[in-house]
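Enquirer: Dropping a structure here in structure tokens format, bear with me for questions.
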Amino acid sequence: MIVSFANLNPYLQALIATLYTWGMTALGAGVVFLGKKVNQKLLDGMLGFASGVMIAASFFSLLAPAVELAEGGPVPAWVPAVTGFLLGGGFLYAVDKVLPHLHRGDVKPEGVKSSWQRSVLLVLAITLHNIPEGLAVGVGFGVASAGLENGYLGSAIALALGIGIQNFPEGMAVSLPLRKEKVSRRKAFMLGQLSGVVEPISALVGVWAVSLMQGLLPYALSFAAGAMIYVVAEELIPESKRSAAQGHSDIPTIGVMLGFAIMMLLDVALG
């Protein structure tokens, strides 16, 4: 099965992988059918876990290979890694300031002023942050197809598996707040899973970008890493700490550690 997958076109590999990550988002969103609430400690821990997965994925599956690919190039190996990383974070920062969206628990939307409903703004917040995840998967399979990094197909698969795992709590983080906004369970689920639809699209864009600029692959890898770390720092960790006042702020920290360890295990074992 793995051999058959390895022989597929990188576009098809990325599409299959991100259909899985989208499915995990839908699975998390489906929790809304079980009720409108979830144990806050559990949700905080899962968001912390998602943060740990993304931090580890950014380093082991993206930044470290970017440095290796840049070695022996016309500039020091750290230049593409640092440049791409900051560009990725800067890109998400710019989009964050322009696109109207609303984070869970906030009252005032971010981005340009809009008359859109709160439910739409809540979905856009997660949708925005799913873009770099799909992009990272696409870039990963694109690099693996280019054959410039030994064992990178395993790293790309590990990256997709890790992102899929952390998409489960993200799906919950969309559908449950929508239910609290008195949106029907069906609509909350549909909007929640819809936030993950950008991942297959952005993954295909990632593969396409790699095919066009193989000389800039270290920049592409580190760009995806920077965008993912921006999501962690700007959204996931702050959200996981919202209930710190209730006296269980250690739960998200434990989640981060577990998420990082599991993603590291996946990448080392498969890569």
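Chain identifiers are assigned as A, B, and so on, following the order in which chains appear in the structure tokens; residues are numbered from 1 within each chain, and ligands are numbered from 1 in order of appearance.
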Would you give me, as an NGL selection string, the residues in stretch 31-236 of chain A that DSSP reads as helix (DSSP H, G or I)?

Expert: :A and (31-34 or 40-70 or 78-98 or 118-146 or 152-180 or 185-194 or 198-212 or 214-236)

Enquirer: Once you have the residues from the selection above, write them out as a compact mmCIF listing (two decimals), in the first residue's frame, restricted to C-alpha atoms.

Expert:
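Wrote part.txt, looks like this:
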# COMPACT_ATOMS: atom_id res chain seq x y z
CA VAL A 31 -18.72 16.27 18.34
CA VAL A 32 -21.41 18.96 18.20
CA PHE A 33 -24.00 16.20 17.75
CA LEU A 34 -23.08 14.90 21.22
CA GLN A 40 -12.99 22.75 29.25
CA LYS A 41 -9.92 21.00 30.62
CA LEU A 42 -10.15 18.45 27.81
CA LEU A 43 -10.50 21.12 25.14
CA ASP A 44 -7.60 23.15 26.57
CA GLY A 45 -5.43 20.04 26.62
CA MET A 46 -6.36 19.15 23.04
CA LEU A 47 -5.59 22.65 21.80
CA GLY A 48 -2.25 22.46 23.61
CA PHE A 49 -1.68 19.08 21.97
CA ALA A 50 -2.41 20.61 18.56
CA SER A 51 0.15 23.33 19.32
CA GLY A 52 2.82 20.76 20.18
CA VAL A 53 2.15 18.82 16.98
CA MET A 54 2.46 21.93 14.83
CA ILE A 55 5.64 23.13 16.56
CA ALA A 56 7.31 19.74 16.09
CA ALA A 57 6.06 19.44 12.51
CA SER A 58 7.41 22.89 11.69
CA PHE A 59 10.88 21.91 12.85
CA PHE A 60 11.31 18.23 11.99
CA SER A 61 9.33 18.16 8.73
CA LEU A 62 10.00 21.66 7.39
CA LEU A 63 12.80 23.75 8.93
CA ALA A 64 15.40 21.00 9.40
CA PRO A 65 15.02 19.75 5.79
CA ALA A 66 15.13 23.38 4.60
CA VAL A 67 18.53 23.85 6.23
CA GLU A 68 19.81 20.56 4.78
CA LEU A 69 18.66 21.46 1.27
CA ALA A 70 20.34 24.87 1.54
CA TRP A 78 20.60 29.76 7.60
CA VAL A 79 19.63 32.50 5.13
CA PRO A 80 16.81 30.62 3.31
CA ALA A 81 15.53 29.16 6.59
CA VAL A 82 15.36 32.48 8.42
CA THR A 83 14.12 34.44 5.41
CA GLY A 84 11.39 31.98 4.48
CA PHE A 85 10.34 31.55 8.12
CA LEU A 86 9.86 35.29 8.63
CA LEU A 87 8.10 35.67 5.28
CA GLY A 88 5.67 32.89 6.21
CA GLY A 89 4.86 34.52 9.53
CA GLY A 90 4.62 37.94 7.90
CA PHE A 91 2.23 36.63 5.26
CA LEU A 92 -0.15 35.22 7.90
CA TYR A 93 0.15 38.44 9.89
CA ALA A 94 -0.88 40.50 6.87
CA VAL A 95 -3.81 38.23 6.03
CA ASP A 96 -4.84 38.24 9.70
CA LYS A 97 -5.06 42.03 9.64
CA VAL A 98 -7.11 42.15 6.42
CA ARG A 118 -20.57 36.11 14.04
CA SER A 119 -20.92 32.50 12.89
CA VAL A 120 -19.22 33.29 9.58
CA LEU A 121 -16.45 35.23 11.33
CA LEU A 122 -15.82 32.32 13.72
CA VAL A 123 -15.45 29.90 10.81
CA LEU A 124 -13.13 32.26 8.95
CA ALA A 125 -10.77 32.39 11.94
CA ILE A 126 -10.06 28.64 11.73
CA THR A 127 -10.23 28.59 7.92
CA LEU A 128 -7.49 31.22 7.79
CA HIS A 129 -5.27 29.11 10.01
CA ASN A 130 -5.86 25.91 8.03
CA ILE A 131 -4.26 27.42 4.93
CA PRO A 132 -0.62 27.02 6.08
CA GLU A 133 -1.32 23.45 7.19
CA GLY A 134 -2.49 22.41 3.73
CA LEU A 135 0.34 24.41 2.15
CA ALA A 136 2.89 22.61 4.34
CA VAL A 137 1.57 19.18 3.29
CA GLY A 138 1.64 20.16 -0.38
CA VAL A 139 5.19 21.49 -0.14
CA GLY A 140 6.23 18.32 1.67
CA PHE A 141 4.97 15.99 -1.05
CA GLY A 142 6.34 18.33 -3.71
CA VAL A 143 9.84 18.15 -2.21
CA ALA A 144 9.57 14.37 -1.85
CA SER A 145 8.64 14.10 -5.54
CA ALA A 146 11.60 16.27 -6.51
CA TYR A 152 11.32 12.93 2.71
CA LEU A 153 8.23 11.03 1.59
CA GLY A 154 8.09 9.53 5.07
CA SER A 155 8.42 12.98 6.59
CA ALA A 156 5.62 14.28 4.36
CA ILE A 157 3.37 11.40 5.43
CA ALA A 158 4.23 12.01 9.08
CA LEU A 159 3.44 15.69 8.62
CA ALA A 160 0.01 14.87 7.15
CA LEU A 161 -0.72 12.38 9.94
CA GLY A 162 0.24 14.91 12.61
CA ILE A 163 -1.81 17.71 11.09
CA GLY A 164 -4.79 15.38 10.80
CA ILE A 165 -4.54 14.45 14.48
CA GLN A 166 -4.45 18.08 15.58
CA ASN A 167 -7.32 18.99 13.24
CA PHE A 168 -9.71 17.04 15.46
CA PRO A 169 -9.68 19.60 18.31
CA GLU A 170 -9.71 22.42 15.76
CA GLY A 171 -12.96 21.05 14.31
CA MET A 172 -14.39 21.02 17.82
CA ALA A 173 -13.16 24.58 18.39
CA VAL A 174 -15.33 25.71 15.46
CA SER A 175 -18.55 23.74 15.83
CA LEU A 176 -19.02 23.99 19.61
CA PRO A 177 -18.79 27.81 19.80
CA LEU A 178 -21.23 27.98 16.87
CA ARG A 179 -23.66 25.82 18.83
CA LYS A 180 -23.36 28.26 21.74
CA ARG A 185 -26.27 21.25 15.24
CA ARG A 186 -26.42 20.45 11.54
CA LYS A 187 -25.34 23.93 10.48
CA ALA A 188 -22.61 24.04 13.17
CA PHE A 189 -21.23 20.76 11.86
CA MET A 190 -21.37 21.86 8.23
CA LEU A 191 -19.61 25.13 8.96
CA GLY A 192 -17.09 23.40 11.20
CA GLN A 193 -16.02 20.84 8.61
CA LEU A 194 -16.10 23.50 5.91
CA VAL A 198 -9.04 24.95 2.27
CA GLU A 199 -6.43 22.32 3.15
CA PRO A 200 -6.76 20.21 -0.04
CA ILE A 201 -6.84 23.43 -2.09
CA SER A 202 -3.77 24.97 -0.45
CA ALA A 203 -1.97 21.60 -0.61
CA LEU A 204 -2.35 21.53 -4.40
CA VAL A 205 -1.06 25.10 -4.51
CA GLY A 206 1.94 23.97 -2.45
CA VAL A 207 2.82 21.14 -4.85
CA TRP A 208 2.39 23.49 -7.82
CA ALA A 209 4.65 26.12 -6.21
CA VAL A 210 7.38 23.55 -5.58
CA SER A 211 7.24 22.39 -9.20
CA LEU A 212 7.82 25.97 -10.36
CA GLN A 214 12.84 23.95 -7.20
CA GLY A 215 15.78 26.29 -6.66
CA LEU A 216 13.81 27.98 -3.88
CA LEU A 217 12.71 24.84 -2.04
CA PRO A 218 14.42 25.77 1.25
CA TYR A 219 12.50 29.05 1.20
CA ALA A 220 9.21 27.24 0.48
CA LEU A 221 9.72 24.77 3.35
CA SER A 222 10.64 27.46 5.87
CA PHE A 223 7.81 29.71 4.63
CA ALA A 224 5.31 26.97 5.51
CA ALA A 225 7.00 26.51 8.89
CA GLY A 226 6.80 30.23 9.67
CA ALA A 227 3.12 30.34 8.79
CA MET A 228 2.38 27.35 11.03
CA ILE A 229 4.31 28.76 14.00
CA TYR A 230 2.43 32.05 13.59
CA VAL A 231 -0.84 30.12 13.95
CA VAL A 232 0.42 28.41 17.10
CA ALA A 233 1.61 31.61 18.74
CA GLU A 234 -1.28 33.81 17.66
CA GLU A 235 -4.18 31.42 18.05
CA LEU A 236 -3.76 27.92 19.51

Enquirer: Go through A:Ala269, A:Ala14, A:Ile237, A:Met24 one by one, measure the shortest atom-to-atom distance of each to A:Val256 using only C-alpha atoms, and give the residue with the smallest value.

Expert: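 Of A:Ala269, A:Ala14, A:Ile237, A:Met24, the one nearest A:Val256, counting only C-alpha atoms, is A:Ile237.
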